Every structure is written in C-alpha cells, then in structure tokens.
Amino acid sequence: MSNIISFEDEKKLYRVYSEYLSNKFHTKVYKLPISLNITCPNRDGSKAYGGCIFCTAEGGSFENLSNNLSVKEQIEQNKINITKNHKATKFIAYFQNFSNTYMPLDKFKENIINAIEEDVVGINISTRPDLIFDDYMKFLKDVKDEYNLEITVELGLQSSNDETLKILNRCHTTNDYIDACETLSKYGIRKAAHLILDLPWDSLDDVYNDAKLINMTKTDEVKLHSLYIMEGTRIAKMYKAGEFKLLNREDYVDRVEIFLTHIKDDIIIQRLVGRSDEEGTIHCNWGESWWRIKDSILEQMKRKSNYQGKYFKEDDFYG
C-alpha cells in the first residue's frame with residue numbers, strides 16, 4: 001500500500017473516520033459486518049421490483065458472512081478475523097446489506113439487542129431514507145441511552161438529484177432524505193450518508209448540491225465511493241448497450257475534492273474510495289487499487305492547499 005501522504009498529513013486534509021473513532025473510544029475500533037435475511041421495498045414490489053440498477057442479488061457488500069448464521073455468530077466469527085488482521089479491541093456492529101429497518105419492529109429489536117456485547121461500542125444500521133420510522137428510532141434512542149452506545153443510521157442517498165435517483169431505481173427522493181435526517185435528529189441518532197460521486201447522470205452542479213444537502217441536514221458522517229458495475233446487474237446491461245459513458249478517474253478525484261472543500265469541517269468522512277469483489281466486476285476504480293485513487297485525491301488537495309471545509313459557508317443552503 002502506498003504511503004505517499006503520511007497519516008499526519010492526511011488528517012490535515014479531512015476528518016478521518018478511524019481517527020475520530022480512536023479519539024472517542026481511546027483504542028482501535030473496527031466494524032463487524034452483519035448480514036440479515038431481508039430485502040428492500042424496491043425489490044419485493046412494495047415500491048418496485050429488481051432493486052437499484054447497480055445492486056447485485058446479494059446486495060451491496062461482498063465481505064459478509066452467511067446470513068444463515070445468527071447475529072451473535074457473525075459477530076464472534078468476524079471478531080476472530082478482525083483482531084487477527086487489524087488488532088482492534090473495540091467494535092461496531094454494522095448491519096450492512098439491504099434495508100435493515102425493513103422488518104417488523106419486534107424482529108428489529110431482537111437483532112439490535114443480539115448485537116450488544118461488552119466490547120461493542122457502537123451500532124451502525126444501513127437503510128433507505130424512506131424507511132426511518134419513529135417507533136424504530138425511539139427504540140434505538142432507548143438502547144443508546146441504556147447501554148451507552150454510539151448509534152449511527154447510514155442512509156443510502158447516492159445523489160441529491162431526483163432525476164438521477166429515478167434512473168437508479170432508488171424509489172426515494174431527496175425530500176425523503178431530509179425528512180429522515182429530521183427524524184434521526186429528533187432522537188439523537190447520528191446520521192451518515194452514502195454517496196456515489198461519479199454517477200454519469202450527475203453534473204458538477206449536483207456535486208455542489210450534494211455538499212449543500214449534507215450541510216443543511218447536519219449529516220454527521222459521509223461514505224464516498226465511485227460507481228461499481230457488477231456482472232448480472234441492470235446497470236451492466238445498460239453499460240454494455242452504450243446507454244451511458246463512464247466518467248474518468250480524474251473526474252472522480254476532482255468531484256471528491258469539490259465535495260470535501262464545500263462541506264463543514266466537522267463532518268466525519270468514513271471513506272474516500274470504496275472497493276468491490278474482483279469476481280464478476282466489470283468496472284471498479286478504473287482497474288486501479290483503491291488506495292491509488294485515494295492517494296491521487298490527497299495529493300491533489302495537498303498540492304492545491306485545499307482541505308475539508310475550505311469553501312464552506314454558514315449561509316450556503318441546499319437548493
């Protein structure tokens with residue numbers, strides 16, 4: 001792995017997630033992915049069929065254990081793997097695949113309670129912006145207060161452009177994201193957003209609007225990555241049919257820089273670049289290692305004396 005930019009320099013450029021966790025919990029903290037046997041409303045016909053055009057049949061992750069294992073079994077097995085490779089001593093239980101608030105409330109409560117262990121300091125729950133319900137969030141607030149856990153709900157926003165969301169078959173809107181953030185704030189739950197910054201249907205104006213939306217909603221954390229195209233997905237068929245053109249890696253680097261310099265400097269960045277399973281991948285990070293793309297972003301920001309929040313304005317509202 002490259003070390004062109006030192007970690008000390010990296011921390012000067014943006015709010016690094018691992019540093020945030022280390023400072024808060026005074027030790028190394030690592031996420032433990034948990035996969036449940038669930039689905040989404042745009043898969044089962046509640047809103048649509050087939051899911052998002054970029055999503056595989058297995059969902060959005062390739063590192064999960066089998067969802068035939070219980071929550072506790074997945075946590076324990078992942079602990080063994082994580083502690084061996086990363087030497088973490090505290091953990092975040094991460095309900096990752098599909099929409100983890102799309103189930104009966106009693107089952108949701110059971111899964112969350114089963115993730116609570118002595119060395120688990122936080123729970124992250126991935127879901128959709130249109131699946132944030134008061135009774136579920138009230139329960140999470142009670143868990144947070146009783147067990148002194150940091151609870152974060154990660155919302156799959158992807159884009160602030162509603163027309164792009166339609167193309168992606170997301171079946172939610174930007175207003176759903178705004179409403180979800182209001183509900184999460186009401187219950188004191190941390191808000192995280194998932195964004196794809198090089199969607200072919202988004203312009204540079206949309207990247208600025210992404211930043212404005214994140215600022216306006218007081219989103220706490222952001223997870224960024226470029227577009228992945230996996231074999232067997234609808235976007236793969238669209239790509240092979242020439243229905244859109246990919247942006248290049250320089251476009252992605254520029255867009256990340258624009259986004260970071262226009263968001264508030266206290267927003268935590270979970271990651272700048274993602275990665276995908278090599279098997280069945282048609283396009284991911286332009287065939288380069290994720291850390292090379294990350295290095296390019298950091299090198300460009302350092303060269304141009306840019307940093308997170310440089311162009312943020314308090315009166316810069318969305319839309």
# chains A, B, ... in the order shown; residues from 1 in each chain; ligands from 1

$ residues_around --residues "region 244-253 of chain A" --least-positions-apart "4" --cutoff "9 Å" --atoms "only C-alpha atoms" --output "mmCIF file with C-alpha atoms, in the first residue's frame"
data_model
loop_
_atom_site.group_PDB
_atom_site.id
_atom_site.type_symbol
_atom_site.label_atom_id
_atom_site.label_comp_id
_atom_site.auth_asym_id
_atom_site.auth_seq_id
_atom_site.Cartn_x
_atom_site.Cartn_y
_atom_site.Cartn_z
ATOM 1 C CA LEU A 197 -19.876 10.980 -6.713
ATOM 2 C CA ASP A 198 -19.244 9.956 -10.329
ATOM 3 C CA LEU A 199 -22.708 8.917 -11.454
ATOM 4 C CA PRO A 200 -22.835 9.544 -15.222
ATOM 5 C CA TRP A 201 -26.143 11.397 -14.910
ATOM 6 C CA HIS A 225 -17.206 5.827 -3.487
ATOM 7 C CA SER A 226 -17.120 5.691 -7.254
ATOM 8 C CA LEU A 227 -19.583 3.763 -9.393
ATOM 9 C CA MET A 238 -27.059 -0.533 -19.808
ATOM 10 C CA TYR A 239 -23.278 -0.089 -19.929
ATOM 11 C CA GLU A 257 -12.120 17.470 -3.808
ATOM 12 C CA ILE A 258 -15.053 19.766 -4.615
ATOM 13 C CA ASN A 285 -11.985 2.287 -9.633
ATOM 14 C CA TRP A 286 -10.853 2.202 -13.287
ATOM 15 C CA ILE A 293 -7.263 6.625 -6.176
ATOM 16 C CA LYS A 294 -7.177 7.808 -2.576
ATOM 17 C CA SER A 296 -4.487 10.894 -6.055
ATOM 18 C CA ILE A 297 -7.215 12.726 -4.133
ATOM 19 C CA LEU A 298 -4.941 13.559 -1.203
ATOM 20 C CA GLN A 300 -4.191 16.924 -5.417
#

$ residues_around --residues "region 281-284 of chain A" --least-positions-apart "6" --cutoff "8 Å" --atoms "only C-alpha atoms" --output "ChimeraX atom specification"
/A:226-231,236,275

$ closest_residue --among "A:Arg303, A:Arg170, A:Lys218, A:Arg128" --to "Lys47 (chain A)" --atoms "only C-alpha atoms"
A:Arg170

$ closest_residue --among "A:Gly309, A:Lys138, A:Ser35, A:Asp205" --to "Asn100 (chain A)" --atoms "only C-alpha atoms"
A:Ser35

$ select_by_dssp --residues "region 17-72 of chain A" --states "strand (DSSP E)" --output "list of chain:residue names"
A:Val29, A:Tyr30, A:Lys31, A:Leu32, A:Pro33, A:Ile34

$ write_last_selection --atoms "all heavy atoms" --output "compact mmCIF listing (two decimals), in the first residue's frame"
# COMPACT_ATOMS: atom_id res chain seq x y z
N VAL A 29 -10.81 0.80 16.79
CA VAL A 29 -12.18 0.30 16.66
C VAL A 29 -12.38 -0.16 15.22
O VAL A 29 -11.92 0.49 14.27
CB VAL A 29 -13.20 1.42 16.99
CG1 VAL A 29 -14.63 0.88 16.87
CG2 VAL A 29 -12.94 1.98 18.38
N TYR A 30 -13.07 -1.28 15.06
CA TYR A 30 -13.29 -1.81 13.72
C TYR A 30 -14.73 -2.29 13.57
O TYR A 30 -15.33 -2.78 14.53
CB TYR A 30 -12.34 -2.98 13.44
CG TYR A 30 -11.93 -3.11 12.00
CD1 TYR A 30 -10.80 -2.46 11.52
CD2 TYR A 30 -12.69 -3.86 11.10
CE1 TYR A 30 -10.43 -2.56 10.18
CE2 TYR A 30 -12.32 -3.97 9.77
CZ TYR A 30 -11.19 -3.32 9.32
OH TYR A 30 -10.83 -3.42 8.00
N LYS A 31 -15.26 -2.13 12.35
CA LYS A 31 -16.63 -2.55 12.08
C LYS A 31 -16.71 -4.06 11.85
O LYS A 31 -15.85 -4.64 11.19
CB LYS A 31 -17.18 -1.84 10.84
CG LYS A 31 -17.59 -0.40 11.07
CD LYS A 31 -18.21 0.16 9.79
CE LYS A 31 -18.73 1.56 9.98
NZ LYS A 31 -19.30 2.11 8.73
N LEU A 32 -17.78 -4.65 12.38
CA LEU A 32 -18.08 -6.06 12.17
C LEU A 32 -19.33 -6.15 11.30
O LEU A 32 -20.43 -5.87 11.77
CB LEU A 32 -18.31 -6.78 13.49
CG LEU A 32 -17.20 -6.69 14.53
CD1 LEU A 32 -17.66 -7.32 15.84
CD2 LEU A 32 -15.93 -7.38 14.03
N PRO A 33 -19.21 -6.51 10.01
CA PRO A 33 -20.39 -6.55 9.15
C PRO A 33 -21.35 -7.67 9.54
O PRO A 33 -20.92 -8.78 9.88
CB PRO A 33 -19.81 -6.78 7.75
CG PRO A 33 -18.48 -7.42 7.99
CD PRO A 33 -17.97 -6.85 9.29
N ILE A 34 -22.64 -7.35 9.50
CA ILE A 34 -23.69 -8.32 9.81
C ILE A 34 -24.67 -8.34 8.66
O ILE A 34 -25.13 -7.28 8.20
CB ILE A 34 -24.42 -7.95 11.11
CG1 ILE A 34 -23.45 -7.93 12.30
CG2 ILE A 34 -25.58 -8.91 11.38
CD1 ILE A 34 -24.03 -7.30 13.54

$ residues_around --residues "Glu154 (chain A)" --least-positions-apart "5" --cutoff "9 Å" --atoms "only C-alpha atoms" --output "PyMOL selection string"
chain A and resi 96+124-129+190-194+221-223

$ write_last_selection --atoms "N, CA and C atoms" --output "mmCIF file, in the first residue's frame"
data_model
loop_
_atom_site.group_PDB
_atom_site.id
_atom_site.type_symbol
_atom_site.label_atom_id
_atom_site.label_comp_id
_atom_site.auth_asym_id
_atom_site.auth_seq_id
_atom_site.Cartn_x
_atom_site.Cartn_y
_atom_site.Cartn_z
ATOM 1 N N GLN A 96 -25.372 -4.252 7.522
ATOM 2 C CA GLN A 96 -24.865 -3.651 6.298
ATOM 3 C C GLN A 96 -25.758 -3.850 5.072
ATOM 4 N N ASN A 124 -24.070 0.433 13.836
ATOM 5 C CA ASN A 124 -24.378 1.135 12.586
ATOM 6 C C ASN A 124 -25.447 0.359 11.832
ATOM 7 N N ILE A 125 -26.440 1.075 11.332
ATOM 8 C CA ILE A 125 -27.568 0.434 10.666
ATOM 9 C C ILE A 125 -27.743 1.053 9.293
ATOM 10 N N SER A 126 -27.566 0.257 8.259
ATOM 11 C CA SER A 126 -27.718 0.735 6.891
ATOM 12 C C SER A 126 -29.164 0.543 6.436
ATOM 13 N N THR A 127 -29.741 1.598 5.846
ATOM 14 C CA THR A 127 -31.120 1.510 5.366
ATOM 15 C C THR A 127 -31.374 2.605 4.338
ATOM 16 N N ARG A 128 -32.637 2.754 3.959
ATOM 17 C CA ARG A 128 -33.045 3.743 2.971
ATOM 18 C C ARG A 128 -33.618 4.976 3.656
ATOM 19 N N PRO A 129 -33.552 6.134 2.986
ATOM 20 C CA PRO A 129 -34.104 7.351 3.592
ATOM 21 C C PRO A 129 -35.615 7.298 3.831
ATOM 22 N N ARG A 190 -27.044 9.462 15.266
ATOM 23 C CA ARG A 190 -26.108 10.006 14.283
ATOM 24 C C ARG A 190 -26.561 9.651 12.869
ATOM 25 N N LYS A 191 -26.319 10.589 11.950
ATOM 26 C CA LYS A 191 -26.754 10.453 10.570
ATOM 27 C C LYS A 191 -25.535 10.287 9.665
ATOM 28 N N ALA A 192 -25.543 9.244 8.843
ATOM 29 C CA ALA A 192 -24.487 9.040 7.850
ATOM 30 C C ALA A 192 -25.125 8.934 6.471
ATOM 31 N N ALA A 193 -24.435 9.452 5.463
ATOM 32 C CA ALA A 193 -24.931 9.411 4.088
ATOM 33 C C ALA A 193 -23.965 8.640 3.206
ATOM 34 N N HIS A 194 -24.528 7.856 2.307
ATOM 35 C CA HIS A 194 -23.757 7.124 1.313
ATOM 36 C C HIS A 194 -23.939 7.829 -0.028
ATOM 37 N N GLU A 221 -21.785 12.022 9.230
ATOM 38 C CA GLU A 221 -20.744 11.226 8.576
ATOM 39 C C GLU A 221 -21.118 11.002 7.112
ATOM 40 N N VAL A 222 -20.111 10.820 6.276
ATOM 41 C CA VAL A 222 -20.332 10.557 4.859
ATOM 42 C C VAL A 222 -19.423 9.426 4.406
ATOM 43 N N LYS A 223 -19.975 8.567 3.566
ATOM 44 C CA LYS A 223 -19.205 7.483 2.955
ATOM 45 C C LYS A 223 -19.258 7.686 1.444
#

$ residues_around --residues "Thr173 (chain A)" --least-positions-apart "4" --cutoff "8 Å" --atoms "only C-alpha atoms" --output "VMD selection string"
chain A and resid 162 165 177

$ residues_around --residues "region 110-122 of chain A" --least-positions-apart "5" --cutoff "7 Å" --atoms "only C-alpha atoms" --output "ChimeraX atom specification"
/A:71-72,90-93,149-151

$ atom_distance --atom1 "CA of Pro41 (chain A)" --atom2 "CA of Tyr94 (chain A)"
20.6 Å

$ closest_residue --among "A:Ile267, A:Leu65, A:Val273, A:Ile132" --to "Cys181 (chain A)" --atoms "only C-alpha atoms"
A:Ile132
